Structure formats: C-alpha cells, structure tokens
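S.K.: Sharing structure.pdb (PDB, C-alpha atoms, pLDDT in the B column) below.
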```
ATOM      1  CA  MET A   1      79.194-200.906   5.674  1.00 76.00           C
ATOM      2  CA  TYR A   2      77.187-197.813   4.694  1.00 77.00           C
ATOM      3  CA  TYR A   3      76.785-199.212   1.200  1.00 78.00           C
ATOM      4  CA  VAL A   4      75.215-202.442   2.498  1.00 77.00           C
ATOM      5  CA  ALA A   5      72.929-200.525   4.863  1.00 76.00           C
ATOM      6  CA  SER A   6      71.764-198.186   2.077  1.00 79.00           C
ATOM      7  CA  VAL A   7      71.004-201.145  -0.209  1.00 68.00           C
ATOM      8  CA  ILE A   8      68.969-202.828   2.537  1.00 76.00           C
ATOM      9  CA  VAL A   9      67.018-199.620   3.304  1.00 71.00           C
ATOM     10  CA  THR A  10      66.368-199.096  -0.407  1.00 74.00           C
ATOM     11  CA  PHE A  11      64.992-202.605  -0.901  1.00 68.00           C
ATOM     12  CA  VAL A  12      62.809-202.388   2.207  1.00 68.00           C
ATOM     13  CA  GLY A  13      61.396-199.101   0.904  1.00 69.00           C
ATOM     14  CA  LEU A  14      60.773-200.580  -2.525  1.00 64.00           C
ATOM     15  CA  SER A  15      58.984-203.576  -1.024  1.00 66.00           C
ATOM     16  CA  TYR A  16      56.541-201.266   0.783  1.00 61.00           C
ATOM     17  CA  ALA A  17      55.957-199.250  -2.387  1.00 62.00           C
ATOM     18  CA  ALA A  18      55.477-202.330  -4.615  1.00 58.00           C
ATOM     19  CA  VAL A  19      51.762-202.926  -3.976  1.00 57.00           C
ATOM     20  CA  PRO A  20      50.573-199.313  -4.492  1.00 65.00           C
ATOM     21  CA  LEU A  21      52.795-198.961  -7.557  1.00 64.00           C
ATOM     22  CA  TYR A  22      51.542-202.248  -9.012  1.00 62.00           C
ATOM     23  CA  LYS A  23      47.921-201.187  -8.468  1.00 62.00           C
ATOM     24  CA  LEU A  24      48.577-197.762  -9.999  1.00 65.00           C
ATOM     25  CA  ILE A  25      50.312-199.187 -13.062  1.00 67.00           C
ATOM     26  CA  CYS A  26      47.761-201.970 -13.625  1.00 62.00           C
ATOM     27  CA  THR A  27      44.738-199.687 -13.208  1.00 61.00           C
ATOM     28  CA  ASN A  28      46.120-197.151 -15.666  1.00 63.00           C
ATOM     29  CA  THR A  29      47.394-199.593 -18.292  1.00 61.00           C
ATOM     30  CA  GLY A  30      45.088-202.598 -18.039  1.00 56.00           C
ATOM     31  CA  LEU A  31      48.087-204.804 -17.285  1.00 56.00           C
ATOM     32  CA  ASP A  32      47.497-208.285 -15.838  1.00 52.00           C
ATOM     33  CA  GLY A  33      43.749-208.376 -16.449  1.00 51.00           C
ATOM     34  CA  THR A  34      42.955-205.217 -14.473  1.00 55.00           C
ATOM     35  CA  PRO A  35      40.313-203.162 -16.303  1.00 54.00           C
ATOM     36  CA  VAL A  36      40.950-199.485 -16.821  1.00 54.00           C
ATOM     37  CA  VAL A  37      38.633-197.307 -14.733  1.00 54.00           C
ATOM     38  CA  ALA A  38      37.425-194.504 -16.964  1.00 50.00           C
ATOM     39  CA  ASP A  39      37.988-191.028 -15.641  1.00 51.00           C
ATOM     40  CA  GLY A  40      36.413-187.790 -16.777  1.00 47.00           C
ATOM     41  CA  ASP A  41      38.943-187.329 -19.560  1.00 49.00           C
ATOM     42  CA  ARG A  42      38.588-190.824 -20.955  1.00 54.00           C
ATOM     43  CA  TYR A  43      34.818-191.124 -20.914  1.00 57.00           C
ATOM     44  CA  ASP A  44      33.449-188.453 -23.160  1.00 65.00           C
ATOM     45  CA  PRO A  45      29.934-189.252 -24.428  1.00 67.00           C
ATOM     46  CA  ASP A  46      30.698-187.339 -27.629  1.00 67.00           C
ATOM     47  CA  VAL A  47      33.750-189.484 -28.370  1.00 67.00           C
ATOM     48  CA  VAL A  48      32.610-192.881 -27.065  1.00 77.00           C
ATOM     49  CA  LYS A  49      30.195-194.032 -29.734  1.00 84.00           C
ATOM     50  CA  PRO A  50      29.614-197.465 -31.238  1.00 85.00           C
ATOM     51  CA  VAL A  51      32.063-198.188 -34.031  1.00 89.00           C
ATOM     52  CA  ALA A  52      30.087-198.606 -37.240  1.00 90.00           C
ATOM     53  CA  GLY A  53      30.511-202.063 -38.735  1.00 90.00           C
ATOM     54  CA  ALA A  54      32.471-203.423 -35.767  1.00 91.00           C
ATOM     55  CA  ARG A  55      31.875-207.022 -34.728  1.00 94.00           C
ATOM     56  CA  PRO A  56      29.948-207.581 -31.501  1.00 96.00           C
ATOM     57  CA  ILE A  57      31.813-208.820 -28.434  1.00 96.00           C
ATOM     58  CA  LYS A  58      30.077-211.121 -25.943  1.00 98.00           C
ATOM     59  CA  ILE A  59      30.612-209.978 -22.346  1.00 97.00           C
ATOM     60  CA  THR A  60      29.990-212.647 -19.690  1.00 97.00           C
ATOM     61  CA  PHE A  61      29.547-211.799 -16.014  1.00 96.00           C
ATOM     62  CA  GLN A  62      30.714-214.105 -13.220  1.00 96.00           C
ATOM     63  CA  SER A  63      30.945-213.875  -9.450  1.00 95.00           C
ATOM     64  CA  SER A  64      32.484-215.614  -6.477  1.00 95.00           C
ATOM     65  CA  LEU A  65      32.858-215.185  -2.729  1.00 94.00           C
ATOM     66  CA  SER A  66      35.772-215.757  -0.406  1.00 92.00           C
ATOM     67  CA  ASP A  67      35.349-218.560   2.124  1.00 91.00           C
ATOM     68  CA  ALA A  68      34.842-216.043   4.957  1.00 89.00           C
ATOM     69  CA  MET A  69      32.089-214.125   3.146  1.00 92.00           C
ATOM     70  CA  LYS A  70      28.587-215.256   4.088  1.00 93.00           C
ATOM     71  CA  TRP A  71      26.712-213.340   1.398  1.00 94.00           C
ATOM     72  CA  ARG A  72      25.024-214.582  -1.735  1.00 96.00           C
ATOM     73  CA  PHE A  73      26.421-212.749  -4.740  1.00 95.00           C
ATOM     74  CA  VAL A  74      25.333-213.438  -8.328  1.00 96.00           C
ATOM     75  CA  PRO A  75      25.131-211.563 -11.611  1.00 96.00           C
ATOM     76  CA  GLN A  76      21.573-210.656 -12.619  1.00 95.00           C
ATOM     77  CA  THR A  77      22.811-210.141 -16.145  1.00 90.00           C
ATOM     78  CA  ARG A  78      24.644-213.250 -17.344  1.00 94.00           C
ATOM     79  CA  GLU A  79      25.858-211.802 -20.624  1.00 95.00           C
ATOM     80  CA  VAL A  80      25.464-208.927 -23.042  1.00 96.00           C
ATOM     81  CA  SER A  81      26.670-208.316 -26.542  1.00 96.00           C
ATOM     82  CA  VAL A  82      28.256-204.937 -27.306  1.00 96.00           C
ATOM     83  CA  VAL A  83      30.272-203.393 -30.094  1.00 96.00           C
ATOM     84  CA  PRO A  84      33.352-201.332 -29.241  1.00 95.00           C
ATOM     85  CA  GLY A  85      32.318-197.834 -28.155  1.00 93.00           C
ATOM     86  CA  GLU A  86      28.862-198.914 -27.004  1.00 94.00           C
ATOM     87  CA  THR A  87      28.024-198.389 -23.321  1.00 93.00           C
ATOM     88  CA  ALA A  88      26.263-201.119 -21.377  1.00 94.00           C
ATOM     89  CA  LEU A  89      24.767-201.587 -17.930  1.00 95.00           C
ATOM     90  CA  ALA A  90      24.781-204.847 -15.993  1.00 95.00           C
ATOM     91  CA  PHE A  91      23.666-205.684 -12.472  1.00 96.00           C
ATOM     92  CA  TYR A  92      24.835-208.018  -9.734  1.00 96.00           C
ATOM     93  CA  THR A  93      22.711-208.933  -6.707  1.00 96.00           C
ATOM     94  CA  ALA A  94      24.198-209.214  -3.238  1.00 95.00           C
ATOM     95  CA  GLU A  95      22.239-210.611  -0.307  1.00 97.00           C
ATOM     96  CA  ASN A  96      23.186-210.942   3.342  1.00 96.00           C
ATOM     97  CA  PRO A  97      21.136-213.912   4.617  1.00 96.00           C
ATOM     98  CA  THR A  98      22.683-213.794   8.100  1.00 95.00           C
ATOM     99  CA  ASP A  99      21.436-212.136  11.280  1.00 96.00           C
ATOM    100  CA  GLU A 100      24.396-209.744  11.442  1.00 94.00           C
ATOM    101  CA  ASP A 101      25.499-206.746   9.411  1.00 94.00           C
ATOM    102  CA  ILE A 102      28.423-207.620   7.122  1.00 93.00           C
ATOM    103  CA  THR A 103      30.730-205.288   5.219  1.00 93.00           C
ATOM    104  CA  GLY A 104      32.387-206.566   2.068  1.00 92.00           C
ATOM    105  CA  ILE A 105      34.763-205.337  -0.585  1.00 90.00           C
ATOM    106  CA  SER A 106      35.140-206.642  -4.125  1.00 91.00           C
ATOM    107  CA  THR A 107      37.919-207.046  -6.637  1.00 90.00           C
ATOM    108  CA  TYR A 108      37.554-207.794 -10.321  1.00 91.00           C
ATOM    109  CA  SER A 109      39.405-209.170 -13.281  1.00 92.00           C
ATOM    110  CA  VAL A 110      38.966-209.359 -17.026  1.00 94.00           C
ATOM    111  CA  VAL A 111      39.716-212.437 -19.124  1.00 94.00           C
ATOM    112  CA  PRO A 112      41.482-212.543 -21.512  1.00 95.00           C
ATOM    113  CA  GLY A 113      44.007-210.240 -19.872  1.00 92.00           C
ATOM    114  CA  LYS A 114      45.037-208.635 -23.143  1.00 94.00           C
ATOM    115  CA  ALA A 115      41.507-207.186 -23.507  1.00 94.00           C
ATOM    116  CA  ALA A 116      41.552-205.566 -20.054  1.00 93.00           C
ATOM    117  CA  GLN A 117      43.143-202.385 -21.380  1.00 92.00           C
ATOM    118  CA  TYR A 118      40.028-201.830 -23.498  1.00 93.00           C
ATOM    119  CA  PHE A 119      37.461-202.660 -20.795  1.00 93.00           C
ATOM    120  CA  ASN A 120      36.494-199.332 -19.223  1.00 91.00           C
ATOM    121  CA  LYS A 121      34.212-199.092 -16.217  1.00 89.00           C
ATOM    122  CA  ILE A 122      32.363-195.808 -15.849  1.00 87.00           C
ATOM    123  CA  GLN A 123      30.692-196.792 -12.596  1.00 86.00           C
ATOM    124  CA  CYS A 124      30.982-199.871 -10.390  1.00 84.00           C
ATOM    125  CA  PHE A 125      31.018-201.078  -6.807  1.00 84.00           C
ATOM    126  CA  CYS A 126      34.545-202.476  -6.756  1.00 81.00           C
ATOM    127  CA  PHE A 127      37.211-201.475  -4.245  1.00 80.00           C
ATOM    128  CA  GLU A 128      34.598-199.683  -2.121  1.00 84.00           C
ATOM    129  CA  GLU A 129      33.237-201.172   1.065  1.00 88.00           C
ATOM    130  CA  GLN A 130      29.628-202.304   0.783  1.00 90.00           C
ATOM    131  CA  LYS A 131      27.713-202.776   4.023  1.00 93.00           C
ATOM    132  CA  LEU A 132      24.647-204.991   3.979  1.00 93.00           C
ATOM    133  CA  ALA A 133      22.407-205.118   7.000  1.00 95.00           C
ATOM    134  CA  ALA A 134      21.113-208.451   8.238  1.00 95.00           C
ATOM    135  CA  LYS A 135      18.724-209.988   5.644  1.00 96.00           C
ATOM    136  CA  GLU A 136      19.315-207.090   3.219  1.00 95.00           C
ATOM    137  CA  GLU A 137      19.476-207.537  -0.563  1.00 96.00           C
ATOM    138  CA  VAL A 138      20.825-204.925  -2.998  1.00 95.00           C
ATOM    139  CA  ASP A 139      21.397-204.560  -6.729  1.00 95.00           C
ATOM    140  CA  MET A 140      24.859-203.365  -7.734  1.00 94.00           C
ATOM    141  CA  PRO A 141      25.318-201.754 -11.163  1.00 94.00           C
ATOM    142  CA  VAL A 142      28.314-201.920 -13.471  1.00 93.00           C
ATOM    143  CA  PHE A 143      28.263-199.296 -16.234  1.00 93.00           C
ATOM    144  CA  PHE A 144      31.000-199.913 -18.818  1.00 93.00           C
ATOM    145  CA  TYR A 145      32.119-199.751 -22.427  1.00 94.00           C
ATOM    146  CA  ILE A 146      34.732-201.355 -24.648  1.00 94.00           C
ATOM    147  CA  ASP A 147      37.134-198.711 -25.919  1.00 93.00           C
ATOM    148  CA  PRO A 148      36.499-197.964 -29.623  1.00 93.00           C
ATOM    149  CA  GLU A 149      40.208-198.604 -30.306  1.00 93.00           C
ATOM    150  CA  PHE A 150      39.529-202.302 -29.623  1.00 94.00           C
ATOM    151  CA  ALA A 151      38.011-202.567 -33.111  1.00 94.00           C
ATOM    152  CA  PHE A 152      41.255-201.405 -34.747  1.00 94.00           C
ATOM    153  CA  ASP A 153      43.810-203.360 -32.698  1.00 95.00           C
ATOM    154  CA  PRO A 154      45.135-206.328 -34.704  1.00 95.00           C
ATOM    155  CA  TRP A 155      45.994-208.146 -31.428  1.00 95.00           C
ATOM    156  CA  MET A 156      42.277-208.225 -30.580  1.00 94.00           C
ATOM    157  CA  LYS A 157      41.157-209.979 -33.795  1.00 94.00           C
ATOM    158  CA  ASP A 158      40.814-213.311 -31.968  1.00 95.00           C
ATOM    159  CA  VAL A 159      38.908-211.862 -28.976  1.00 95.00           C
ATOM    160  CA  ASN A 160      35.180-212.447 -29.392  1.00 96.00           C
ATOM    161  CA  HIS A 161      34.372-213.072 -25.750  1.00 97.00           C
ATOM    162  CA  ILE A 162      35.338-211.177 -22.574  1.00 97.00           C
ATOM    163  CA  THR A 163      34.577-212.281 -19.017  1.00 96.00           C
ATOM    164  CA  LEU A 164      34.207-209.802 -16.146  1.00 95.00           C
ATOM    165  CA  HIS A 165      34.605-211.589 -12.821  1.00 95.00           C
ATOM    166  CA  TYR A 166      34.007-210.077  -9.359  1.00 94.00           C
ATOM    167  CA  THR A 167      35.013-211.653  -6.059  1.00 93.00           C
ATOM    168  CA  PHE A 168      33.662-210.340  -2.744  1.00 92.00           C
ATOM    169  CA  PHE A 169      35.696-210.567   0.435  1.00 93.00           C
ATOM    170  CA  ARG A 170      34.672-209.828   3.990  1.00 91.00           C
ATOM    171  CA  SER A 171      36.144-206.474   4.974  1.00 85.00           C
ATOM    172  CA  LYS A 172      38.766-206.521   7.696  1.00 78.00           C
ATOM    173  CA  MET A 173      37.602-203.060   8.798  1.00 68.00           C
ATOM    174  CA  GLN A 174      34.399-204.283  10.465  1.00 61.00           C
TER     175      GLN A 174
END
```
Have the structure of the file written as structure tokens, please.
M.R.:
Amino acid sequence: MYYVASVIVTFVGLSYAAVPLYKLICTNTGLDGTPVVADGDRYDPDVVKPVAGARPIKITFQSSLSDAMKWRFVPQTREVSVVPGETALAFYTAENPTDEDITGISTYSVVPGKAAQYFNKIQCFCFEEQKLAAKEEVDMPVFFYIDPEFAFDPWMKDVNHITLHYTFFRSKMQ
C-alpha cells in the first residue's frame, strides 16, 4: 500500500515540476524552437563578431495575437540579413486602440526549430508583462545575434532562412 501511495505522490510531484523544468531545459538548450536568451557570460562583445566569409542568413519577423487580445501588433522590421556573430536590432509596434488599459505578455518561437539553439536574444520584451494605456502605441525592440558556431555546424548547412514569431496574449493578472 505504501509503495502505491509513494508512486502516486511522486508522479503528482513530477507533473507539477514538468512545466518549469521544460521551460528551463528549452531556454538553456534551444530545444523545441525556443531561442536561447543570452546571459552575461554568453554575450561578450569581444567574442561575438561576424564570422568572416560566412553566408548571410535571412531573418524574418512575424507576429500574431490571441483571440482575447485587442491590440494591434506588427513587426516594423519585416526581415534582416545577418551573418553568424553579427548583432541586429529589430522593432515591433504594439498599439492599444481600445478605451481601456490592457496588459499583455508575449511568447516566441524560432523556425526551423533546429536553428533555435543558435538564435540568441540579448534584449527583448518576451515573457514580461507589457501594459499599454488606452490608445497608446509603443515600439518594442529585439536585439539579437546568431551564434558564430552556426557557421561551423554541418546540420545548419541547409538553413538559409530563420523566422522569429511572437504571439501576444492578454495577461490574466489584470
């Protein structure tokens, strides 16, 4: 009886830990299309430099909104071309056309998923609540680079195009 109870308690505990563990693993490894968020150790301006002779990669920016979100949200920058190791800055515009303040939160993904481990964001607006007052419009920057190791990975030879997609959701904490 104790054996069955301990197994049940263990699985219940694991089910509660699954989401934070998944997020932790995916953010650190780039698994499942989740870009790596560069920390102080990973982004070193002296180390992150454009790889000489590397082929350019086209980065496309896309956006979407959940059905409950009443904002307008579009990329100002539709695409950029970068070589691995080169930093780039892109902007999205969010507008709240309603007569009420709305707080939103965004998630992102990188396609193809196998390139996500090399897509490093230095600064972005994702996973942080963004409050827009009624009729307010803001520009939201994304500062990123493609890891220089991308140029030397044989599994990336067929990747010439990467898409960064953000989706905004209405925050439940309003």
S.K.: Skip Ser66 in chain A itself and residues of its chain fewer than 5 positions away, then list as a PDB file with C-alpha atoms, in the frame of the given file all residues within 10 Å of it, counting all atoms listed in the file.
M.R.:
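Now in part-v6.pdb:
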```pdb
ATOM      1  CA  TRP A  71      26.712-213.340   1.398  1.00 94.00           C
ATOM      2  CA  SER A 106      35.140-206.642  -4.125  1.00 91.00           C
ATOM      3  CA  THR A 167      35.013-211.653  -6.059  1.00 93.00           C
ATOM      4  CA  PHE A 168      33.662-210.340  -2.744  1.00 92.00           C
ATOM      5  CA  PHE A 169      35.696-210.567   0.435  1.00 93.00           C
ATOM      6  CA  ARG A 170      34.672-209.828   3.990  1.00 91.00           C
TER       7      ARG A 170
END
```
S.K.: Please identify all polymer residues lying at most 9 Å from the point (27.7, -209.1, 11.5) (file coordinates), using all atoms listed in the file, and present the result as an NGL selection string.
M.R.: :A and (98-103 or 133-134 or 174)
S.K.: Could you check the closest approach to Pro154 in chain A for each of A:Ile8, A:Ala115, A:Val74, A:Lys135 and tell me which residue wins, using only C-alpha atoms?
M.R.: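 Nearest to Pro154 in chain A: A:Ala115.
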S.K.: From the list A:Tyr92, A:Phe119, A:Tyr108, A:Tyr3, which residue is nearest Val138 in chain A when using all atoms listed in the file?
M.R.: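 Under the stated criterion, the closest residue is A:Tyr92.
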S.K.: What box, with edges along x, y and z, holds each listed atom of range 115-133 of chain A when 3 Å is added on every side, and can you state its centre and edge lengths in Å to one decimal, as lines of an AutoDock Vina configuration file?
M.R.:
```
center_x = 32.8
center_y = -201.5
center_z = -8.3
size_x = 26.7
size_y = 17.4
size_z = 36.5
```
S.K.: Using CA of Arg72 in chain A and CA of Pro97 in chain A as the two end points, give the distance in Å to one decimal.
M.R.: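 Between these atoms lies a distance of 7.5 Å.
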S.K.: For Ile57 in chain A, which residue among A:Phe150, A:Phe91, A:Tyr2, A:Phe127 is the nearest when counting only C-alpha atoms?
M.R.: A:Phe150
S.K.: Go ahead and compute the interatomic distance for CA of Gln130 in chain A and CA of Gly104 in chain A, in Å to one decimal.
M.R.: 5.2 Å
